[in-house]
Every structure is written in C-alpha cells, then in structure tokens.
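final05.cif (mmCIF, N, CA, C and O atoms)
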```
data_final
#
loop_
_atom_site.label_atom_id
_atom_site.label_comp_id
_atom_site.auth_asym_id
_atom_site.auth_seq_id
_atom_site.Cartn_x
_atom_site.Cartn_y
_atom_site.Cartn_z
N TRP A 78 -103.64 164.99 -278.46
CA TRP A 78 -104.38 164.77 -279.69
C TRP A 78 -104.48 166.03 -280.52
O TRP A 78 -104.60 165.97 -281.73
N ARG A 79 -104.43 167.16 -279.87
CA ARG A 79 -104.55 168.42 -280.62
C ARG A 79 -103.38 168.60 -281.58
O ARG A 79 -103.57 169.02 -282.72
N ARG A 80 -102.17 168.28 -281.14
CA ARG A 80 -101.00 168.42 -282.02
C ARG A 80 -100.98 167.36 -283.10
O ARG A 80 -100.55 167.61 -284.22
N LEU A 81 -101.45 166.17 -282.79
CA LEU A 81 -101.44 165.09 -283.78
C LEU A 81 -102.49 165.27 -284.85
O LEU A 81 -102.37 164.75 -285.95
N SER A 82 -103.56 165.99 -284.54
CA SER A 82 -104.66 166.10 -285.49
C SER A 82 -104.41 167.11 -286.60
O SER A 82 -105.17 167.19 -287.55
N LYS A 83 -103.34 167.88 -286.49
CA LYS A 83 -102.94 168.86 -287.51
C LYS A 83 -104.11 169.79 -287.83
O LYS A 83 -104.69 170.39 -286.95
N PHE A 84 -104.49 169.90 -289.10
CA PHE A 84 -105.51 170.86 -289.48
C PHE A 84 -106.83 170.23 -289.89
O PHE A 84 -107.73 170.91 -290.34
N LYS A 85 -106.94 168.94 -289.76
CA LYS A 85 -108.17 168.25 -290.13
C LYS A 85 -109.30 168.65 -289.17
O LYS A 85 -109.10 168.69 -287.96
N LYS A 86 -110.45 168.96 -289.71
CA LYS A 86 -111.61 169.33 -288.90
C LYS A 86 -112.14 168.08 -288.21
O LYS A 86 -112.45 167.09 -288.85
N ARG A 87 -112.22 168.13 -286.87
CA ARG A 87 -112.70 167.00 -286.09
C ARG A 87 -113.80 167.44 -285.15
O ARG A 87 -113.75 168.54 -284.60
N ILE A 88 -114.74 166.55 -284.93
CA ILE A 88 -115.79 166.78 -283.95
C ILE A 88 -115.28 166.20 -282.64
O ILE A 88 -114.92 165.02 -282.57
N THR A 89 -115.23 167.04 -281.61
CA THR A 89 -114.71 166.61 -280.34
C THR A 89 -115.76 166.76 -279.25
O THR A 89 -116.65 167.62 -279.33
N TRP A 90 -115.65 165.93 -278.24
CA TRP A 90 -116.48 166.05 -277.05
C TRP A 90 -115.60 165.76 -275.85
O TRP A 90 -114.85 164.80 -275.84
N SER A 91 -115.68 166.63 -274.86
CA SER A 91 -114.79 166.53 -273.72
C SER A 91 -115.53 166.87 -272.43
O SER A 91 -116.35 167.78 -272.40
N THR A 92 -115.23 166.12 -271.38
CA THR A 92 -115.66 166.46 -270.03
C THR A 92 -114.59 165.96 -269.07
O THR A 92 -114.01 164.91 -269.30
N HIS A 93 -114.34 166.74 -268.06
CA HIS A 93 -113.37 166.36 -267.03
C HIS A 93 -114.05 166.37 -265.67
O HIS A 93 -113.38 166.50 -264.65
N ASP A 94 -115.35 166.22 -265.66
CA ASP A 94 -116.15 166.24 -264.44
C ASP A 94 -116.01 164.90 -263.70
O ASP A 94 -116.41 163.86 -264.23
N PRO A 95 -115.47 164.88 -262.48
CA PRO A 95 -115.31 163.64 -261.74
C PRO A 95 -116.64 162.92 -261.47
O PRO A 95 -116.65 161.71 -261.27
N ALA A 96 -117.74 163.64 -261.50
CA ALA A 96 -119.06 163.03 -261.28
C ALA A 96 -119.62 162.37 -262.54
O ALA A 96 -120.64 161.67 -262.48
N PHE A 97 -118.96 162.58 -263.67
CA PHE A 97 -119.42 161.96 -264.92
C PHE A 97 -119.08 160.47 -264.86
O PHE A 97 -117.93 160.10 -264.67
N ASN A 98 -120.09 159.62 -265.01
CA ASN A 98 -119.89 158.17 -264.82
C ASN A 98 -120.44 157.37 -266.00
O ASN A 98 -120.88 157.94 -267.00
N ASP A 99 -120.44 156.05 -265.85
CA ASP A 99 -120.89 155.15 -266.92
C ASP A 99 -122.34 155.40 -267.30
O ASP A 99 -122.69 155.35 -268.47
N GLU A 100 -123.17 155.65 -266.31
CA GLU A 100 -124.59 155.89 -266.58
C GLU A 100 -124.78 157.14 -267.43
O GLU A 100 -125.51 157.11 -268.43
N ARG A 101 -124.12 158.20 -267.07
CA ARG A 101 -124.23 159.44 -267.85
C ARG A 101 -123.63 159.27 -269.24
O ARG A 101 -124.14 159.82 -270.22
N LEU A 102 -122.57 158.48 -269.34
CA LEU A 102 -121.98 158.19 -270.65
C LEU A 102 -122.98 157.47 -271.54
O LEU A 102 -123.13 157.79 -272.72
N GLY A 103 -123.70 156.52 -270.97
CA GLY A 103 -124.71 155.77 -271.73
C GLY A 103 -125.87 156.63 -272.22
O GLY A 103 -126.54 156.28 -273.18
N GLU A 104 -126.09 157.75 -271.58
CA GLU A 104 -127.18 158.65 -271.97
C GLU A 104 -126.80 159.55 -273.15
O GLU A 104 -127.66 160.16 -273.77
N ARG A 105 -125.51 159.62 -273.47
CA ARG A 105 -125.06 160.47 -274.58
C ARG A 105 -125.53 159.90 -275.91
O ARG A 105 -125.32 158.73 -276.20
N GLN A 106 -126.15 160.72 -276.72
CA GLN A 106 -126.65 160.30 -278.02
C GLN A 106 -125.76 160.76 -279.17
O GLN A 106 -126.02 160.42 -280.32
N ASP A 107 -124.72 161.53 -278.87
CA ASP A 107 -123.91 162.13 -279.93
C ASP A 107 -122.53 161.50 -280.12
O ASP A 107 -121.73 161.99 -280.90
N LEU A 108 -122.26 160.41 -279.44
CA LEU A 108 -120.93 159.81 -279.53
C LEU A 108 -120.60 159.29 -280.93
O LEU A 108 -119.44 159.29 -281.33
N GLN A 109 -121.60 158.85 -281.67
CA GLN A 109 -121.39 158.30 -283.02
C GLN A 109 -120.75 159.30 -283.97
O GLN A 109 -120.13 158.92 -284.94
N THR A 110 -120.91 160.60 -283.68
CA THR A 110 -120.40 161.63 -284.60
C THR A 110 -119.05 162.20 -284.17
O THR A 110 -118.54 163.09 -284.83
N CYS A 111 -118.48 161.67 -283.10
CA CYS A 111 -117.24 162.23 -282.56
C CYS A 111 -115.99 161.55 -283.11
O CYS A 111 -115.92 160.34 -283.21
N HIS A 112 -115.01 162.38 -283.42
CA HIS A 112 -113.69 161.89 -283.80
C HIS A 112 -112.78 161.79 -282.57
O HIS A 112 -111.87 160.98 -282.54
N VAL A 113 -113.04 162.67 -281.60
CA VAL A 113 -112.22 162.73 -280.38
C VAL A 113 -113.16 162.77 -279.18
O VAL A 113 -114.07 163.60 -279.13
N ILE A 114 -112.92 161.89 -278.20
CA ILE A 114 -113.66 161.91 -276.94
C ILE A 114 -112.62 161.96 -275.82
O ILE A 114 -111.76 161.08 -275.73
N ASP A 115 -112.72 162.98 -274.99
CA ASP A 115 -111.76 163.18 -273.90
C ASP A 115 -112.51 163.09 -272.57
O ASP A 115 -113.31 163.95 -272.24
N LEU A 116 -112.25 162.03 -271.82
CA LEU A 116 -112.91 161.78 -270.53
C LEU A 116 -111.93 161.82 -269.37
O LEU A 116 -112.18 161.23 -268.31
N GLN A 117 -110.84 162.50 -269.54
CA GLN A 117 -109.80 162.55 -268.51
C GLN A 117 -110.38 163.05 -267.18
O GLN A 117 -111.08 164.05 -267.13
N GLY A 118 -110.09 162.30 -266.11
CA GLY A 118 -110.50 162.72 -264.78
C GLY A 118 -111.94 162.41 -264.41
O GLY A 118 -112.41 162.84 -263.37
N THR A 119 -112.63 161.64 -265.25
CA THR A 119 -114.03 161.31 -264.95
C THR A 119 -114.12 160.01 -264.16
O THR A 119 -113.13 159.34 -263.93
N GLY A 120 -115.33 159.64 -263.78
CA GLY A 120 -115.57 158.42 -263.02
C GLY A 120 -115.91 157.23 -263.89
O GLY A 120 -116.46 156.24 -263.41
N VAL A 121 -115.60 157.28 -265.17
CA VAL A 121 -115.90 156.18 -266.09
C VAL A 121 -115.09 154.94 -265.68
O VAL A 121 -113.92 155.05 -265.30
N THR A 122 -115.72 153.76 -265.78
CA THR A 122 -115.07 152.50 -265.43
C THR A 122 -115.04 151.57 -266.64
O THR A 122 -115.55 151.92 -267.71
N ASN A 123 -114.53 150.37 -266.45
CA ASN A 123 -114.52 149.36 -267.52
C ASN A 123 -115.93 149.09 -268.05
O ASN A 123 -116.10 148.81 -269.23
N ASP A 124 -116.93 149.17 -267.17
CA ASP A 124 -118.31 148.92 -267.61
C ASP A 124 -118.77 149.91 -268.67
O ASP A 124 -119.59 149.59 -269.52
N GLY A 125 -118.24 151.11 -268.64
CA GLY A 125 -118.65 152.12 -269.62
C GLY A 125 -117.96 152.00 -270.96
O GLY A 125 -118.38 152.62 -271.94
N LEU A 126 -116.92 151.18 -271.05
CA LEU A 126 -116.16 151.08 -272.29
C LEU A 126 -116.94 150.47 -273.44
O LEU A 126 -116.60 150.71 -274.60
N ASN A 127 -117.99 149.73 -273.14
CA ASN A 127 -118.78 149.13 -274.23
C ASN A 127 -119.43 150.19 -275.12
O ASN A 127 -119.80 149.91 -276.25
N HIS A 128 -119.54 151.41 -274.64
CA HIS A 128 -120.14 152.49 -275.44
C HIS A 128 -119.22 152.95 -276.58
O HIS A 128 -119.65 153.67 -277.45
N PHE A 129 -117.97 152.52 -276.57
CA PHE A 129 -117.01 152.93 -277.59
C PHE A 129 -116.74 151.85 -278.63
O PHE A 129 -116.02 152.09 -279.58
N GLN A 130 -117.31 150.68 -278.48
CA GLN A 130 -117.00 149.56 -279.37
C GLN A 130 -117.47 149.75 -280.80
O GLN A 130 -116.88 149.21 -281.71
N TYR A 131 -118.51 150.51 -281.01
CA TYR A 131 -119.07 150.63 -282.36
C TYR A 131 -119.08 152.08 -282.82
O TYR A 131 -120.08 152.58 -283.32
N LEU A 132 -117.96 152.75 -282.67
CA LEU A 132 -117.82 154.13 -283.10
C LEU A 132 -116.79 154.18 -284.23
O LEU A 132 -115.60 154.37 -283.98
N PRO A 133 -117.22 153.99 -285.46
CA PRO A 133 -116.28 153.81 -286.58
C PRO A 133 -115.39 155.02 -286.88
O PRO A 133 -114.31 154.85 -287.42
N ILE A 134 -115.82 156.24 -286.53
CA ILE A 134 -114.99 157.40 -286.87
C ILE A 134 -114.15 157.88 -285.69
O ILE A 134 -113.40 158.85 -285.82
N LEU A 135 -114.23 157.20 -284.55
CA LEU A 135 -113.47 157.61 -283.37
C LEU A 135 -111.98 157.44 -283.62
O LEU A 135 -111.51 156.34 -283.92
N GLU A 136 -111.22 158.53 -283.52
CA GLU A 136 -109.78 158.50 -283.75
C GLU A 136 -108.99 158.53 -282.45
O GLU A 136 -107.96 157.87 -282.35
N PHE A 137 -109.44 159.32 -281.49
CA PHE A 137 -108.72 159.48 -280.22
C PHE A 137 -109.70 159.34 -279.06
O PHE A 137 -110.77 159.95 -279.07
N LEU A 138 -109.31 158.56 -278.06
CA LEU A 138 -110.09 158.38 -276.85
C LEU A 138 -109.15 158.58 -275.67
O LEU A 138 -108.17 157.85 -275.52
N VAL A 139 -109.43 159.58 -274.84
CA VAL A 139 -108.57 159.90 -273.70
C VAL A 139 -109.23 159.37 -272.43
O VAL A 139 -110.33 159.79 -272.07
N LEU A 140 -108.54 158.44 -271.76
CA LEU A 140 -109.06 157.81 -270.54
C LEU A 140 -108.10 157.97 -269.37
O LEU A 140 -108.14 157.21 -268.41
N LYS A 141 -107.26 158.98 -269.41
CA LYS A 141 -106.31 159.22 -268.32
C LYS A 141 -107.06 159.59 -267.04
O LYS A 141 -108.06 160.30 -267.08
N ASN A 142 -106.55 159.09 -265.92
CA ASN A 142 -107.10 159.42 -264.60
C ASN A 142 -108.58 159.08 -264.46
O ASN A 142 -109.35 159.82 -263.86
N THR A 143 -108.99 157.96 -265.04
CA THR A 143 -110.35 157.45 -264.87
C THR A 143 -110.28 156.18 -264.03
O THR A 143 -109.20 155.79 -263.58
N ASN A 144 -111.41 155.52 -263.85
CA ASN A 144 -111.45 154.27 -263.10
C ASN A 144 -111.33 153.05 -264.02
O ASN A 144 -111.62 151.93 -263.62
N VAL A 145 -110.92 153.28 -265.24
CA VAL A 145 -110.70 152.21 -266.21
C VAL A 145 -109.38 151.51 -265.86
O VAL A 145 -108.41 152.15 -265.47
N THR A 146 -109.34 150.18 -266.02
CA THR A 146 -108.14 149.41 -265.72
C THR A 146 -107.35 149.13 -267.00
O THR A 146 -107.90 149.21 -268.11
N PRO A 147 -106.07 148.76 -266.87
CA PRO A 147 -105.28 148.39 -268.05
C PRO A 147 -105.92 147.24 -268.83
O PRO A 147 -105.90 147.23 -270.06
N ASP A 148 -106.49 146.26 -268.13
CA ASP A 148 -107.15 145.15 -268.83
C ASP A 148 -108.35 145.64 -269.64
O ASP A 148 -108.59 145.16 -270.75
N GLY A 149 -109.09 146.59 -269.10
CA GLY A 149 -110.22 147.15 -269.83
C GLY A 149 -109.78 147.85 -271.09
O GLY A 149 -110.40 147.72 -272.15
N VAL A 150 -108.69 148.59 -271.01
CA VAL A 150 -108.15 149.29 -272.18
C VAL A 150 -107.67 148.28 -273.22
O VAL A 150 -107.93 148.45 -274.41
N THR A 151 -107.01 147.23 -272.78
CA THR A 151 -106.53 146.20 -273.71
C THR A 151 -107.68 145.55 -274.46
O THR A 151 -107.62 145.37 -275.68
N GLU A 152 -108.74 145.21 -273.75
CA GLU A 152 -109.90 144.60 -274.39
C GLU A 152 -110.57 145.57 -275.36
O GLU A 152 -110.95 145.18 -276.47
N LEU A 153 -110.70 146.83 -274.96
CA LEU A 153 -111.32 147.81 -275.84
C LEU A 153 -110.47 148.03 -277.08
O LEU A 153 -110.99 148.09 -278.19
N GLN A 154 -109.15 148.14 -276.91
CA GLN A 154 -108.27 148.37 -278.06
C GLN A 154 -108.40 147.26 -279.09
O GLN A 154 -108.32 147.52 -280.29
N ALA A 155 -108.65 146.04 -278.64
CA ALA A 155 -108.83 144.92 -279.58
C ALA A 155 -110.09 145.10 -280.42
O ALA A 155 -110.16 144.62 -281.54
N THR A 156 -111.10 145.79 -279.88
CA THR A 156 -112.35 145.97 -280.63
C THR A 156 -112.32 147.21 -281.51
O THR A 156 -113.10 147.31 -282.46
N ILE A 157 -111.45 148.18 -281.19
CA ILE A 157 -111.32 149.39 -282.01
C ILE A 157 -109.84 149.66 -282.28
O ILE A 157 -109.27 150.64 -281.81
N PRO A 158 -109.20 148.81 -283.07
CA PRO A 158 -107.75 148.90 -283.28
C PRO A 158 -107.28 150.19 -283.97
O PRO A 158 -106.14 150.58 -283.83
N GLU A 159 -108.14 150.84 -284.70
CA GLU A 159 -107.75 152.06 -285.42
C GLU A 159 -107.81 153.30 -284.54
O GLU A 159 -107.38 154.37 -284.94
N THR A 160 -108.34 153.16 -283.33
CA THR A 160 -108.47 154.30 -282.41
C THR A 160 -107.25 154.38 -281.50
O THR A 160 -106.81 153.38 -280.96
N CYS A 161 -106.73 155.57 -281.32
CA CYS A 161 -105.62 155.82 -280.41
C CYS A 161 -106.22 156.07 -279.02
O CYS A 161 -106.93 157.04 -278.81
N ILE A 162 -105.94 155.15 -278.08
CA ILE A 162 -106.46 155.28 -276.72
C ILE A 162 -105.33 155.76 -275.83
O ILE A 162 -104.29 155.11 -275.74
N TRP A 163 -105.54 156.90 -275.18
CA TRP A 163 -104.55 157.42 -274.24
C TRP A 163 -105.01 157.12 -272.84
O TRP A 163 -106.07 157.55 -272.40
N TYR A 164 -104.21 156.34 -272.15
CA TYR A 164 -104.57 155.86 -270.82
C TYR A 164 -103.53 156.22 -269.80
O TYR A 164 -102.40 156.04 -269.90
#
```
I need this file expressed as structure tokens, please.
Amino acid sequence: WRRLSKFKKRITWSTHDPAFNDERLGERQDLQTCHVIDLQGTGVTNDGLNHFQYLPILEFLVLKNTNVTPDGVTELQATIPETCIWY
C-alpha cells in the first residue's frame, strides 16, 4: 500500500501483534479516521470484520496472516467495494 499511495497524505494504523484480537479491535475508537489499517499477523477473525463495514474513507485493509477466512473477506468486500483488501 505504501507504493500505491504515492504522495497523498494518509492516516494509517498498524499492529502486527499476534495477541491483538476482535475484542481489542472493537475497543479502537479511531478507526473512522483511518485511510489504511494494517492488521497483518494478528488474531483478528471473521467476527471482527464487522468493525470495517462503515468506514467510508478506508482505502486499504491488510488482513494477511490473520484468522480471517476467504469467505469473510468476500462478504466484507461486498460491503466496502471501494476498499482494497489484501488477504
């Protein structure tokens, strides 16, 4: 996402902590302001994906090496078609 974003100023939030899970994701109050969310390597599952459904400015969501399934990504992509999800 860094190369694709060129020079546009983006608000990013990233964690690669394997202990980061759906519950901790739900406690985040700053997701609405993020253009990029990188959760690679975390314990997030399909249950946590509902936190991304209403984020209108989200451009990139990185879900590589998480507990999210392909079906979960497909369902989420249908609700946020303008967001690039890397799985």
Next item on the list: List the residues matched by the PyMOL selection byres (((chain A and resi 102 and name CA) around 12) and name CA) in the displayed structure as a ChimeraX atom specification, ordered by chain and then by residue number.
Entry: /A:90-92,94,96-101,103-108,114-116,119-129
Mind listing whatever residues come within 7 Å of the point (-107.2, 157.5, -282.7)? Use all atoms listed in the file, file coordinates, and give them as a CSV table (one decimal) with N, CA, C and O atoms, keeping the file's coordinate frame.
```csv
chain,number,residue,atom,x,y,z
A,112,HIS,N,-115.0,162.4,-283.4
A,112,HIS,CA,-113.7,161.9,-283.8
A,112,HIS,C,-112.8,161.8,-282.6
A,112,HIS,O,-111.9,161.0,-282.5
A,135,LEU,N,-114.2,157.2,-284.6
A,135,LEU,CA,-113.5,157.6,-283.4
A,135,LEU,C,-112.0,157.4,-283.6
A,135,LEU,O,-111.5,156.3,-283.9
A,136,GLU,N,-111.2,158.5,-283.5
A,136,GLU,CA,-109.8,158.5,-283.8
A,136,GLU,C,-109.0,158.5,-282.4
A,136,GLU,O,-108.0,157.9,-282.4
A,137,PHE,N,-109.4,159.3,-281.5
A,137,PHE,CA,-108.7,159.5,-280.2
A,137,PHE,C,-109.7,159.3,-279.1
A,137,PHE,O,-110.8,160.0,-279.1
A,138,LEU,N,-109.3,158.6,-278.1
A,138,LEU,CA,-110.1,158.4,-276.8
A,138,LEU,C,-109.2,158.6,-275.7
A,138,LEU,O,-108.2,157.8,-275.5
A,159,GLU,N,-108.1,150.8,-284.7
A,159,GLU,CA,-107.8,152.1,-285.4
A,159,GLU,C,-107.8,153.3,-284.5
A,159,GLU,O,-107.4,154.4,-284.9
A,160,THR,N,-108.3,153.2,-283.3
A,160,THR,CA,-108.5,154.3,-282.4
A,160,THR,C,-107.2,154.4,-281.5
A,160,THR,O,-106.8,153.4,-281.0
A,161,CYS,N,-106.7,155.6,-281.3
A,161,CYS,CA,-105.6,155.8,-280.4
A,161,CYS,C,-106.2,156.1,-279.0
A,161,CYS,O,-106.9,157.0,-278.8
A,162,ILE,N,-105.9,155.2,-278.1
A,162,ILE,CA,-106.5,155.3,-276.7
A,162,ILE,C,-105.3,155.8,-275.8
A,162,ILE,O,-104.3,155.1,-275.7
```
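Closest to Ile88 of chain A among A:Val150, A:Val113, A:Ile134, A:Ile157 is A:Val113, based on only C-alpha atoms.
As for atom CA of Lys141 of chain A and atom CA of Tyr164 of chain A, they are spaced 4.5 Å apart.
Across the structure, atom N of Trp163 of chain A and atom N of Gln109 of chain A are spaced 17.4 Å apart.
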